>>> print(open('coords.cif').read())   # mmCIF, N, CA and C atoms
data_run
#
loop_
_atom_site.label_atom_id
_atom_site.label_comp_id
_atom_site.auth_asym_id
_atom_site.auth_seq_id
_atom_site.Cartn_x
_atom_site.Cartn_y
_atom_site.Cartn_z
N MET A 1 -36.82 -32.25 -57.65
CA MET A 1 -37.15 -30.95 -57.11
C MET A 1 -37.37 -29.98 -58.26
N ASP A 2 -38.17 -28.98 -58.04
CA ASP A 2 -38.44 -28.02 -59.11
C ASP A 2 -37.28 -27.03 -59.24
N PRO A 3 -37.25 -26.22 -60.33
CA PRO A 3 -36.09 -25.35 -60.55
C PRO A 3 -35.91 -24.29 -59.46
N ILE A 4 -36.98 -23.81 -58.88
CA ILE A 4 -36.86 -22.78 -57.84
C ILE A 4 -36.16 -23.36 -56.62
N ILE A 5 -36.62 -24.53 -56.18
CA ILE A 5 -35.98 -25.19 -55.03
C ILE A 5 -34.53 -25.55 -55.37
N PHE A 6 -34.31 -26.06 -56.58
CA PHE A 6 -32.97 -26.46 -57.00
C PHE A 6 -32.00 -25.28 -56.94
N PHE A 7 -32.34 -24.17 -57.58
CA PHE A 7 -31.40 -23.05 -57.64
C PHE A 7 -31.24 -22.36 -56.30
N ASN A 8 -32.30 -22.28 -55.52
CA ASN A 8 -32.14 -21.70 -54.18
C ASN A 8 -31.29 -22.59 -53.28
N LYS A 9 -31.42 -23.91 -53.42
CA LYS A 9 -30.57 -24.83 -52.66
C LYS A 9 -29.12 -24.70 -53.11
N ALA A 10 -28.91 -24.58 -54.41
CA ALA A 10 -27.54 -24.38 -54.92
C ALA A 10 -26.96 -23.08 -54.34
N ASN A 11 -27.74 -22.03 -54.31
CA ASN A 11 -27.28 -20.76 -53.75
C ASN A 11 -26.90 -20.91 -52.28
N GLU A 12 -27.71 -21.65 -51.56
CA GLU A 12 -27.45 -21.89 -50.14
C GLU A 12 -26.17 -22.70 -49.95
N LEU A 13 -26.01 -23.75 -50.76
CA LEU A 13 -24.83 -24.60 -50.64
C LEU A 13 -23.54 -23.87 -51.02
N MET A 14 -23.64 -22.91 -51.94
CA MET A 14 -22.45 -22.16 -52.33
C MET A 14 -21.95 -21.24 -51.23
N VAL A 15 -22.79 -20.96 -50.23
CA VAL A 15 -22.33 -20.16 -49.09
C VAL A 15 -21.35 -20.98 -48.26
N LYS A 16 -21.71 -22.23 -48.01
CA LYS A 16 -20.86 -23.10 -47.18
C LYS A 16 -19.73 -23.75 -47.98
N ASN A 17 -19.92 -23.89 -49.27
CA ASN A 17 -18.94 -24.53 -50.16
C ASN A 17 -18.60 -23.53 -51.26
N SER A 18 -17.73 -22.63 -50.96
CA SER A 18 -17.41 -21.53 -51.87
C SER A 18 -16.94 -22.03 -53.23
N PRO A 19 -17.43 -21.40 -54.29
CA PRO A 19 -16.95 -21.76 -55.63
C PRO A 19 -15.45 -21.48 -55.76
N ALA A 20 -14.81 -22.21 -56.64
CA ALA A 20 -13.38 -22.04 -56.89
C ALA A 20 -13.14 -20.73 -57.64
N ALA A 21 -11.93 -20.24 -57.54
CA ALA A 21 -11.56 -19.01 -58.25
C ALA A 21 -11.77 -19.15 -59.75
N ALA A 22 -11.56 -20.36 -60.29
CA ALA A 22 -11.75 -20.59 -61.72
C ALA A 22 -13.20 -20.40 -62.16
N ASP A 23 -14.14 -20.43 -61.20
CA ASP A 23 -15.56 -20.28 -61.53
C ASP A 23 -16.00 -18.82 -61.61
N LYS A 24 -15.09 -17.89 -61.43
CA LYS A 24 -15.44 -16.47 -61.39
C LYS A 24 -16.25 -16.02 -62.61
N GLU A 25 -15.79 -16.38 -63.80
CA GLU A 25 -16.49 -15.97 -65.03
C GLU A 25 -17.90 -16.55 -65.08
N MET A 26 -18.04 -17.82 -64.74
CA MET A 26 -19.36 -18.45 -64.75
C MET A 26 -20.26 -17.82 -63.69
N LEU A 27 -19.72 -17.54 -62.53
CA LEU A 27 -20.51 -16.91 -61.47
C LEU A 27 -21.02 -15.53 -61.90
N GLU A 28 -20.21 -14.80 -62.63
CA GLU A 28 -20.64 -13.50 -63.13
C GLU A 28 -21.81 -13.65 -64.11
N LYS A 29 -21.76 -14.67 -64.95
CA LYS A 29 -22.84 -14.92 -65.91
C LYS A 29 -24.15 -15.30 -65.22
N ILE A 30 -24.08 -16.23 -64.29
CA ILE A 30 -25.31 -16.72 -63.68
C ILE A 30 -25.86 -15.78 -62.60
N ALA A 31 -25.04 -14.85 -62.17
CA ALA A 31 -25.52 -13.85 -61.20
C ALA A 31 -26.62 -12.99 -61.81
N ALA A 32 -26.69 -12.93 -63.13
CA ALA A 32 -27.74 -12.15 -63.81
C ALA A 32 -29.14 -12.64 -63.46
N VAL A 33 -29.26 -13.91 -63.07
CA VAL A 33 -30.56 -14.46 -62.66
C VAL A 33 -30.53 -14.87 -61.19
N ASN A 34 -29.64 -14.22 -60.47
CA ASN A 34 -29.51 -14.43 -59.02
C ASN A 34 -29.18 -15.87 -58.65
N ILE A 35 -28.22 -16.42 -59.35
CA ILE A 35 -27.66 -17.70 -58.95
C ILE A 35 -26.24 -17.41 -58.48
N GLY A 36 -26.01 -17.69 -57.21
CA GLY A 36 -24.70 -17.45 -56.60
C GLY A 36 -24.82 -17.54 -55.10
N PRO A 37 -23.70 -17.54 -54.42
CA PRO A 37 -23.70 -17.70 -52.97
C PRO A 37 -24.61 -16.70 -52.26
N GLY A 38 -25.60 -17.23 -51.53
CA GLY A 38 -26.48 -16.40 -50.71
C GLY A 38 -27.56 -15.65 -51.46
N MET A 39 -27.67 -15.83 -52.76
CA MET A 39 -28.67 -15.10 -53.55
C MET A 39 -30.03 -15.80 -53.46
N GLU A 40 -31.06 -15.09 -53.91
CA GLU A 40 -32.41 -15.65 -54.05
C GLU A 40 -32.67 -15.73 -55.55
N PHE A 41 -32.90 -16.93 -56.08
CA PHE A 41 -33.09 -17.16 -57.51
C PHE A 41 -34.18 -16.26 -58.08
N ASP A 42 -33.91 -15.68 -59.25
CA ASP A 42 -34.85 -14.79 -59.93
C ASP A 42 -35.82 -15.63 -60.77
N THR A 43 -37.00 -15.88 -60.21
CA THR A 43 -37.99 -16.74 -60.88
C THR A 43 -38.60 -16.11 -62.13
N SER A 44 -38.38 -14.81 -62.34
CA SER A 44 -38.97 -14.16 -63.52
C SER A 44 -38.37 -14.68 -64.83
N VAL A 45 -37.24 -15.38 -64.76
CA VAL A 45 -36.64 -15.93 -65.98
C VAL A 45 -37.33 -17.21 -66.43
N LEU A 46 -38.18 -17.77 -65.59
CA LEU A 46 -38.90 -19.00 -65.94
C LEU A 46 -40.17 -18.63 -66.70
N THR A 47 -40.32 -19.20 -67.88
CA THR A 47 -41.48 -18.89 -68.72
C THR A 47 -42.16 -20.17 -69.18
N GLY A 48 -43.36 -20.00 -69.70
CA GLY A 48 -44.11 -21.14 -70.23
C GLY A 48 -44.51 -22.10 -69.12
N ASP A 49 -44.65 -23.35 -69.50
CA ASP A 49 -45.00 -24.41 -68.54
C ASP A 49 -43.71 -24.82 -67.83
N VAL A 50 -43.43 -24.17 -66.71
CA VAL A 50 -42.17 -24.35 -66.01
C VAL A 50 -41.92 -25.80 -65.65
N ALA A 51 -42.92 -26.47 -65.11
CA ALA A 51 -42.75 -27.87 -64.70
C ALA A 51 -42.43 -28.76 -65.90
N GLU A 52 -43.13 -28.57 -66.99
CA GLU A 52 -42.90 -29.38 -68.18
C GLU A 52 -41.55 -29.06 -68.82
N ASN A 53 -41.20 -27.77 -68.88
CA ASN A 53 -39.90 -27.38 -69.44
C ASN A 53 -38.75 -27.95 -68.62
N TRP A 54 -38.89 -27.93 -67.30
CA TRP A 54 -37.86 -28.46 -66.41
C TRP A 54 -37.72 -29.97 -66.62
N LYS A 55 -38.84 -30.66 -66.71
CA LYS A 55 -38.84 -32.11 -66.91
C LYS A 55 -38.17 -32.46 -68.25
N THR A 56 -38.50 -31.72 -69.29
CA THR A 56 -37.91 -31.95 -70.61
C THR A 56 -36.41 -31.72 -70.58
N MET A 57 -36.00 -30.63 -69.95
CA MET A 57 -34.57 -30.32 -69.85
C MET A 57 -33.82 -31.44 -69.14
N LEU A 58 -34.36 -31.92 -68.04
CA LEU A 58 -33.70 -32.99 -67.28
C LEU A 58 -33.59 -34.27 -68.10
N THR A 59 -34.60 -34.53 -68.93
CA THR A 59 -34.59 -35.71 -69.78
C THR A 59 -33.55 -35.58 -70.89
N GLU A 60 -33.47 -34.41 -71.50
CA GLU A 60 -32.59 -34.20 -72.65
C GLU A 60 -31.13 -33.93 -72.27
N ILE A 61 -30.90 -33.43 -71.10
CA ILE A 61 -29.54 -33.01 -70.76
C ILE A 61 -28.57 -34.18 -70.64
N ARG A 62 -29.04 -35.33 -70.24
CA ARG A 62 -28.16 -36.49 -70.10
C ARG A 62 -27.47 -36.81 -71.43
N LEU A 63 -28.20 -36.81 -72.53
CA LEU A 63 -27.60 -37.10 -73.84
C LEU A 63 -26.58 -36.03 -74.22
N LYS A 64 -26.87 -34.78 -73.91
CA LYS A 64 -25.92 -33.70 -74.20
C LYS A 64 -24.65 -33.84 -73.38
N LEU A 65 -24.80 -34.22 -72.12
CA LEU A 65 -23.63 -34.40 -71.26
C LEU A 65 -22.78 -35.57 -71.73
N ILE A 66 -23.41 -36.65 -72.13
CA ILE A 66 -22.68 -37.81 -72.65
C ILE A 66 -21.89 -37.42 -73.89
N LYS A 67 -22.53 -36.69 -74.79
CA LYS A 67 -21.86 -36.25 -76.02
C LYS A 67 -20.67 -35.36 -75.68
N GLU A 68 -20.85 -34.41 -74.79
CA GLU A 68 -19.78 -33.51 -74.38
C GLU A 68 -18.66 -34.29 -73.67
N GLY A 69 -19.02 -35.25 -72.87
CA GLY A 69 -18.04 -36.03 -72.12
C GLY A 69 -17.20 -36.95 -72.98
N GLN A 70 -17.68 -37.29 -74.17
CA GLN A 70 -16.94 -38.20 -75.04
C GLN A 70 -15.57 -37.67 -75.43
N LYS A 71 -15.41 -36.36 -75.43
CA LYS A 71 -14.10 -35.82 -75.81
C LYS A 71 -13.04 -36.15 -74.76
N PHE A 72 -13.46 -36.60 -73.59
CA PHE A 72 -12.52 -36.98 -72.53
C PHE A 72 -12.34 -38.49 -72.43
N SER A 73 -13.00 -39.23 -73.31
CA SER A 73 -12.92 -40.68 -73.30
C SER A 73 -11.61 -41.14 -73.93
N LYS A 74 -10.96 -42.08 -73.27
CA LYS A 74 -9.69 -42.64 -73.73
C LYS A 74 -9.82 -44.15 -73.90
N LYS A 75 -9.02 -44.72 -74.78
CA LYS A 75 -9.01 -46.17 -75.01
C LYS A 75 -7.88 -46.82 -74.22
N LEU A 76 -8.18 -47.99 -73.68
CA LEU A 76 -7.19 -48.81 -72.99
C LEU A 76 -7.54 -50.25 -73.35
N GLY A 77 -6.91 -50.77 -74.41
CA GLY A 77 -7.30 -52.07 -74.94
C GLY A 77 -8.71 -51.97 -75.50
N GLN A 78 -9.58 -52.91 -75.11
CA GLN A 78 -10.96 -52.82 -75.58
C GLN A 78 -11.83 -52.00 -74.62
N TRP A 79 -11.24 -51.52 -73.55
CA TRP A 79 -11.94 -50.71 -72.56
C TRP A 79 -11.84 -49.23 -72.89
N ASP A 80 -12.82 -48.48 -72.44
CA ASP A 80 -12.78 -47.02 -72.48
C ASP A 80 -12.73 -46.53 -71.04
N TYR A 81 -12.14 -45.39 -70.84
CA TYR A 81 -12.19 -44.76 -69.53
C TYR A 81 -12.22 -43.25 -69.72
N PHE A 82 -12.72 -42.56 -68.73
CA PHE A 82 -12.75 -41.11 -68.80
C PHE A 82 -11.43 -40.58 -68.27
N GLY A 83 -10.75 -39.80 -69.09
CA GLY A 83 -9.44 -39.28 -68.75
C GLY A 83 -9.48 -37.89 -68.14
N GLU A 84 -8.33 -37.27 -68.12
CA GLU A 84 -8.20 -35.92 -67.56
C GLU A 84 -9.17 -34.97 -68.25
N PRO A 85 -9.72 -34.07 -67.53
CA PRO A 85 -9.42 -33.65 -66.17
C PRO A 85 -10.34 -34.26 -65.10
N ILE A 86 -10.66 -35.53 -65.24
CA ILE A 86 -11.54 -36.16 -64.25
C ILE A 86 -10.97 -35.98 -62.84
N GLY A 87 -11.85 -35.67 -61.92
CA GLY A 87 -11.45 -35.48 -60.53
C GLY A 87 -10.92 -34.10 -60.22
N ASP A 88 -10.54 -33.36 -61.24
CA ASP A 88 -10.06 -31.99 -61.08
C ASP A 88 -10.54 -31.22 -62.30
N PHE A 89 -11.85 -31.02 -62.38
CA PHE A 89 -12.53 -30.59 -63.59
C PHE A 89 -12.29 -29.15 -64.00
N ASN A 90 -11.89 -28.30 -63.06
CA ASN A 90 -11.73 -26.88 -63.32
C ASN A 90 -13.05 -26.35 -63.88
N THR A 91 -13.08 -25.84 -65.10
CA THR A 91 -14.33 -25.26 -65.63
C THR A 91 -15.01 -26.17 -66.66
N GLU A 92 -14.68 -27.43 -66.66
CA GLU A 92 -15.36 -28.39 -67.55
C GLU A 92 -16.68 -28.81 -66.88
N TYR A 93 -17.65 -27.91 -66.90
CA TYR A 93 -18.89 -28.11 -66.15
C TYR A 93 -19.72 -29.30 -66.66
N ALA A 94 -19.79 -29.48 -67.96
CA ALA A 94 -20.56 -30.61 -68.50
C ALA A 94 -19.93 -31.94 -68.09
N TYR A 95 -18.62 -32.00 -68.13
CA TYR A 95 -17.90 -33.22 -67.74
C TYR A 95 -18.12 -33.50 -66.26
N ARG A 96 -18.04 -32.47 -65.46
CA ARG A 96 -18.27 -32.61 -64.01
C ARG A 96 -19.68 -33.13 -63.76
N ALA A 97 -20.66 -32.59 -64.48
CA ALA A 97 -22.04 -33.02 -64.30
C ALA A 97 -22.23 -34.47 -64.72
N LEU A 98 -21.61 -34.86 -65.83
CA LEU A 98 -21.71 -36.24 -66.30
C LEU A 98 -21.16 -37.22 -65.26
N VAL A 99 -20.02 -36.91 -64.71
CA VAL A 99 -19.42 -37.78 -63.70
C VAL A 99 -20.30 -37.80 -62.44
N ALA A 100 -20.86 -36.67 -62.08
CA ALA A 100 -21.74 -36.62 -60.91
C ALA A 100 -22.98 -37.50 -61.11
N LEU A 101 -23.51 -37.54 -62.32
CA LEU A 101 -24.65 -38.41 -62.59
C LEU A 101 -24.29 -39.88 -62.45
N ALA A 102 -23.07 -40.21 -62.81
CA ALA A 102 -22.64 -41.61 -62.76
C ALA A 102 -22.20 -42.05 -61.37
N GLY A 103 -21.72 -41.13 -60.55
CA GLY A 103 -21.22 -41.58 -59.26
C GLY A 103 -20.84 -40.48 -58.29
N LEU A 104 -21.36 -39.33 -58.44
CA LEU A 104 -21.16 -38.18 -57.56
C LEU A 104 -19.81 -37.52 -57.70
N GLY A 105 -18.75 -38.27 -57.74
CA GLY A 105 -17.42 -37.68 -57.87
C GLY A 105 -16.45 -38.69 -58.40
N ALA A 106 -15.19 -38.28 -58.54
CA ALA A 106 -14.18 -39.19 -59.06
C ALA A 106 -12.81 -38.71 -58.62
N ASN A 107 -11.89 -39.66 -58.56
CA ASN A 107 -10.49 -39.34 -58.31
C ASN A 107 -9.82 -38.96 -59.62
N THR A 108 -8.66 -38.33 -59.52
CA THR A 108 -7.89 -38.00 -60.71
C THR A 108 -7.30 -39.27 -61.31
N VAL A 109 -6.83 -39.20 -62.55
CA VAL A 109 -6.28 -40.38 -63.23
C VAL A 109 -4.99 -40.87 -62.59
N GLU A 110 -4.32 -40.03 -61.81
CA GLU A 110 -3.12 -40.48 -61.09
C GLU A 110 -3.48 -41.44 -59.97
N VAL A 111 -4.73 -41.39 -59.52
CA VAL A 111 -5.17 -42.20 -58.39
C VAL A 111 -6.01 -43.39 -58.84
N ALA A 112 -6.84 -43.21 -59.85
CA ALA A 112 -7.77 -44.27 -60.24
C ALA A 112 -8.21 -44.12 -61.69
N LEU A 113 -8.56 -45.23 -62.31
CA LEU A 113 -9.21 -45.25 -63.61
C LEU A 113 -10.59 -45.85 -63.43
N TYR A 114 -11.54 -45.39 -64.22
CA TYR A 114 -12.90 -45.90 -64.16
C TYR A 114 -13.24 -46.48 -65.54
N PRO A 115 -12.81 -47.74 -65.78
CA PRO A 115 -13.02 -48.33 -67.10
C PRO A 115 -14.47 -48.70 -67.34
N LYS A 116 -14.83 -48.67 -68.62
CA LYS A 116 -16.16 -49.12 -69.00
C LYS A 116 -16.04 -49.81 -70.36
N ILE A 117 -17.02 -50.63 -70.62
CA ILE A 117 -17.05 -51.36 -71.88
C ILE A 117 -18.51 -51.58 -72.24
N GLU A 118 -18.82 -51.52 -73.52
CA GLU A 118 -20.21 -51.65 -73.95
C GLU A 118 -20.52 -53.00 -74.56
N GLN A 119 -19.48 -53.74 -74.96
CA GLN A 119 -19.69 -55.06 -75.56
C GLN A 119 -18.71 -56.06 -74.95
N ASP A 120 -19.16 -57.29 -74.84
CA ASP A 120 -18.24 -58.33 -74.37
C ASP A 120 -17.35 -58.78 -75.52
N ALA A 121 -16.48 -59.73 -75.28
CA ALA A 121 -15.52 -60.20 -76.28
C ALA A 121 -16.20 -60.79 -77.51
N ASP A 122 -17.47 -61.23 -77.37
CA ASP A 122 -18.22 -61.80 -78.50
C ASP A 122 -19.05 -60.75 -79.23
N GLY A 123 -18.97 -59.49 -78.80
CA GLY A 123 -19.73 -58.43 -79.46
C GLY A 123 -21.13 -58.24 -78.92
N ASN A 124 -21.49 -58.96 -77.87
CA ASN A 124 -22.82 -58.80 -77.27
C ASN A 124 -22.87 -57.50 -76.46
N THR A 125 -23.94 -56.75 -76.62
CA THR A 125 -24.09 -55.49 -75.91
C THR A 125 -24.32 -55.72 -74.43
N LEU A 126 -23.56 -55.01 -73.62
CA LEU A 126 -23.73 -55.05 -72.17
C LEU A 126 -24.63 -53.91 -71.74
N LEU A 127 -25.11 -53.95 -70.51
CA LEU A 127 -25.95 -52.87 -70.00
C LEU A 127 -25.16 -51.59 -69.92
N ASN A 128 -25.81 -50.48 -70.24
CA ASN A 128 -25.19 -49.16 -70.16
C ASN A 128 -26.03 -48.29 -69.27
N PHE A 129 -25.48 -47.83 -68.17
CA PHE A 129 -26.23 -47.02 -67.22
C PHE A 129 -26.13 -45.54 -67.47
N LEU A 130 -25.30 -45.09 -68.39
CA LEU A 130 -25.21 -43.66 -68.72
C LEU A 130 -25.92 -43.35 -69.99
#
>>> encode(input="coords.cif", output="structure tokens")
Amino acid sequence: MDPIIFFNKANELMVKNSPAAADKEMLEKIAAVNIGPGMEFDTSVLTGDVAENWKTMLTEIRLKLIKEGQKFSKKLGQWDYFGEPIGDFNTEYAYRALVALAGLGANTVEVALYPKIEQDADGNTLLNFL
């Protein structure tokens, strides 16, 4: 979906799914471009080739989210897993987005671990979906 549809849908969804109190500061920032519950996105902030810029951003953001999410990676033997605050992200927006790309949501570490590994015991690279 294009950015106009995306942000207007987000605004609509925030009416029915109210942001958490911890999001107050972020909501104040993004309200400057009319992103928030019940708002109409301010398209005047979009410049240049909007479609191409949006496509580029979507392509590049995954690597940025992975890099940001690495600070939450923990070791368990030869496995890695994403640790706290998984499942209860508070204002860790990049981490929340990374987990959403991988599987929409997650439980907290008290309930579940989501282990991953990039190489088998012989050092052969396994498929990586993130």
>>> select_by_dssp(input="coords.cif", residues="segment 42-127 of chain A", states="strand (DSSP E)", output="CSV table (one decimal) with N, CA and C atoms, keeping the file's coordinate frame")
chain,number,residue,atom,x,y,z
A,73,SER,N,-13.0,-39.2,-73.3
A,73,SER,CA,-12.9,-40.7,-73.3
A,73,SER,C,-11.6,-41.1,-73.9
A,74,LYS,N,-11.0,-42.1,-73.3
A,74,LYS,CA,-9.7,-42.6,-73.7
A,74,LYS,C,-9.8,-44.2,-73.9
A,75,LYS,N,-9.0,-44.7,-74.8
A,75,LYS,CA,-9.0,-46.2,-75.0
A,75,LYS,C,-7.9,-46.8,-74.2
A,76,LEU,N,-8.2,-48.0,-73.7
A,76,LEU,CA,-7.2,-48.8,-73.0
A,76,LEU,C,-7.5,-50.2,-73.4
A,79,TRP,N,-11.2,-51.5,-73.6
A,79,TRP,CA,-11.9,-50.7,-72.6
A,79,TRP,C,-11.8,-49.2,-72.9
A,80,ASP,N,-12.8,-48.5,-72.4
A,80,ASP,CA,-12.8,-47.0,-72.5
A,80,ASP,C,-12.7,-46.5,-71.0
A,81,TYR,N,-12.1,-45.4,-70.8
A,81,TYR,CA,-12.2,-44.8,-69.5
A,81,TYR,C,-12.2,-43.2,-69.7
A,82,PHE,N,-12.7,-42.6,-68.7
A,82,PHE,CA,-12.8,-41.1,-68.8
A,82,PHE,C,-11.4,-40.6,-68.3
A,115,PRO,N,-12.8,-47.7,-65.8
A,115,PRO,CA,-13.0,-48.3,-67.1
A,115,PRO,C,-14.5,-48.7,-67.3
A,116,LYS,N,-14.8,-48.7,-68.6
A,116,LYS,CA,-16.2,-49.1,-69.0
A,116,LYS,C,-16.0,-49.8,-70.4
>>> residues_around(input="coords.cif", residues="segment 94-99 of chain A", least_positions_apart="5", cutoff="9 Å", atoms="only C-alpha atoms", output="JSON list (two decimals) with N, CA and C atoms, keeping the file's coordinate frame")
[["chain", "number", "residue", "atom", "x", "y", "z"],
["A", 62, "ARG", "N", -29.04, -35.33, -70.24],
["A", 62, "ARG", "CA", -28.16, -36.49, -70.10],
["A", 62, "ARG", "C", -27.47, -36.81, -71.43],
["A", 64, "LYS", "N", -26.87, -34.78, -73.91],
["A", 64, "LYS", "CA", -25.92, -33.70, -74.20],
["A", 64, "LYS", "C", -24.65, -33.84, -73.38],
["A", 65, "LEU", "N", -24.80, -34.22, -72.12],
["A", 65, "LEU", "CA", -23.63, -34.40, -71.26],
["A", 65, "LEU", "C", -22.78, -35.57, -71.73],
["A", 66, "ILE", "N", -23.41, -36.65, -72.13],
["A", 66, "ILE", "CA", -22.68, -37.81, -72.65],
["A", 66, "ILE", "C", -21.89, -37.42, -73.89],
["A", 68, "GLU", "N", -20.85, -34.41, -74.79],
["A", 68, "GLU", "CA", -19.78, -33.51, -74.38],
["A", 68, "GLU", "C", -18.66, -34.29, -73.67],
["A", 69, "GLY", "N", -19.02, -35.25, -72.87],
["A", 69, "GLY", "CA", -18.04, -36.03, -72.12],
["A", 69, "GLY", "C", -17.20, -36.95, -72.98],
["A", 70, "GLN", "N", -17.68, -37.29, -74.17],
["A", 70, "GLN", "CA", -16.94, -38.20, -75.04],
["A", 70, "GLN", "C", -15.57, -37.67, -75.43],
["A", 72, "PHE", "N", -13.46, -36.60, -73.59],
["A", 72, "PHE", "CA", -12.52, -36.98, -72.53],
["A", 72, "PHE", "C", -12.34, -38.49, -72.43],
["A", 85, "PRO", "N", -9.72, -34.07, -67.53],
["A", 85, "PRO", "CA", -9.42, -33.65, -66.17],
["A", 85, "PRO", "C", -10.34, -34.26, -65.10],
["A", 86, "ILE", "N", -10.66, -35.53, -65.24],
["A", 86, "ILE", "CA", -11.54, -36.16, -64.25],
["A", 86, "ILE", "C", -10.97, -35.98, -62.84],
["A", 87, "GLY", "N", -11.85, -35.67, -61.92],
["A", 87, "GLY", "CA", -11.45, -35.48, -60.53],
["A", 87, "GLY", "C", -10.92, -34.10, -60.22],
["A", 88, "ASP", "N", -10.54, -33.36, -61.24],
["A", 88, "ASP", "CA", -10.06, -31.99, -61.08],
["A", 88, "ASP", "C", -10.54, -31.22, -62.30],
["A", 89, "PHE", "N", -11.85, -31.02, -62.38],
["A", 89, "PHE", "CA", -12.53, -30.59, -63.59],
["A", 89, "PHE", "C", -12.29, -29.15, -64.00],
["A", 104, "LEU", "N", -21.36, -39.33, -58.44],
["A", 104, "LEU", "CA", -21.16, -38.18, -57.56],
["A", 104, "LEU", "C", -19.81, -37.52, -57.70],
["A", 105, "GLY", "N", -18.75, -38.27, -57.74],
["A", 105, "GLY", "CA", -17.42, -37.68, -57.87],
["A", 105, "GLY", "C", -16.45, -38.69, -58.40],
["A", 106, "ALA", "N", -15.19, -38.28, -58.54],
["A", 106, "ALA", "CA", -14.18, -39.19, -59.06],
["A", 106, "ALA", "C", -12.81, -38.71, -58.62],
["A", 130, "LEU", "N", -25.30, -45.09, -68.39],
["A", 130, "LEU", "CA", -25.21, -43.66, -68.72],
["A", 130, "LEU", "C", -25.92, -43.35, -69.99]]
>>> closest_residue(input="coords.cif", among="A:Ala21, A:Tyr93, A:Asp2, A:Lys75", to="Leu46 of chain A", atoms="only C-alpha atoms")
A:Asp2
>>> select_by_dssp(input="coords.cif", residues="segment 32-85 of chain A", states="helix (DSSP H, G or I)", output="JSON, numbers by chain")
{"A": [32, 33, 43, 44, 45, 50, 51, 52, 53, 54, 55, 56, 57, 58, 59, 60, 61, 62, 63, 64, 65, 66, 67, 68, 69, 70, 71, 72]}
>>> resolve_selection(input="coords.cif", expression="the PyMOL selection byres ((chain A and resi 3) around 8)", output="VMD selection string")
chain A and resid 1 to 2 4 to 9 41 43 50 to 51 54 to 55
>>> atom_distance(input="coords.cif", atom1="atom C of Glu40 of chain A", atom2="atom CA of Asn11 of chain A")
7.6 Å
>>> axis_aligned_box(input="coords.cif", around="segment 21-38 of chain A", padding_each_side="3 Å", output="lines of an AutoDock Vina configuration file")
center_x = -21.1
center_y = -16.4
center_z = -58.3
size_x = 25.0
size_y = 14.4
size_z = 21.2
>>> atom_distance(input="coords.cif", atom1="atom N of Trp79 of chain A", atom2="atom CA of Leu127 of chain A")
15.2 Å
>>> atom_distance(input="coords.cif", atom1="atom CA of Lys71 of chain A", atom2="atom CA of Asn107 of chain A")
18.2 Å
>>> closest_residue(input="coords.cif", among="A:Leu101, A:Gln78, A:Asp42, A:Gly83", to="Gln119 of chain A", atoms="all atoms listed in the file")
A:Gln78
>>> residues_around(input="coords.cif", residues="Met26 of chain A", least_positions_apart="3", cutoff="12 Å", atoms="only C-alpha atoms", output="list in words")
Pro19, Ala20, Ala21, Ala22, Asp23, Lys29, Ile30, Ala31, Ala32, Ile35, Gly36, Asn90, Thr91, Glu92 and Tyr93 of chain A
>>> decode(input="coords.cif", residues="segment 2-13 of chain A", atoms="N, CA and C atoms", output="compact mmCIF listing (two decimals), in the first residue's frame")
# COMPACT_ATOMS: atom_id res chain seq x y z
N ASP A 2 0.38 2.31 -0.54
CA ASP A 2 1.18 3.53 -0.60
C ASP A 2 1.18 4.23 0.77
N PRO A 3 2.05 5.25 0.97
CA PRO A 3 2.15 5.86 2.29
C PRO A 3 0.87 6.56 2.75
N ILE A 4 0.12 7.12 1.84
CA ILE A 4 -1.12 7.82 2.22
C ILE A 4 -2.12 6.82 2.79
N ILE A 5 -2.32 5.72 2.08
CA ILE A 5 -3.23 4.68 2.56
C ILE A 5 -2.71 4.09 3.87
N PHE A 6 -1.40 3.85 3.94
CA PHE A 6 -0.80 3.26 5.14
C PHE A 6 -1.05 4.13 6.36
N PHE A 7 -0.70 5.42 6.28
CA PHE A 7 -0.83 6.28 7.46
C PHE A 7 -2.28 6.57 7.81
N ASN A 8 -3.14 6.70 6.82
CA ASN A 8 -4.55 6.90 7.14
C ASN A 8 -5.16 5.65 7.77
N LYS A 9 -4.73 4.47 7.33
CA LYS A 9 -5.20 3.22 7.94
C LYS A 9 -4.68 3.12 9.38
N ALA A 10 -3.43 3.50 9.59
CA ALA A 10 -2.88 3.50 10.95
C ALA A 10 -3.69 4.45 11.84
N ASN A 11 -4.01 5.62 11.32
CA ASN A 11 -4.81 6.58 12.09
C ASN A 11 -6.17 6.00 12.45
N GLU A 12 -6.78 5.32 11.50
CA GLU A 12 -8.08 4.69 11.73
C GLU A 12 -7.98 3.59 12.78
N LEU A 13 -6.95 2.76 12.68
CA LEU A 13 -6.78 1.65 13.61
C LEU A 13 -6.48 2.14 15.03
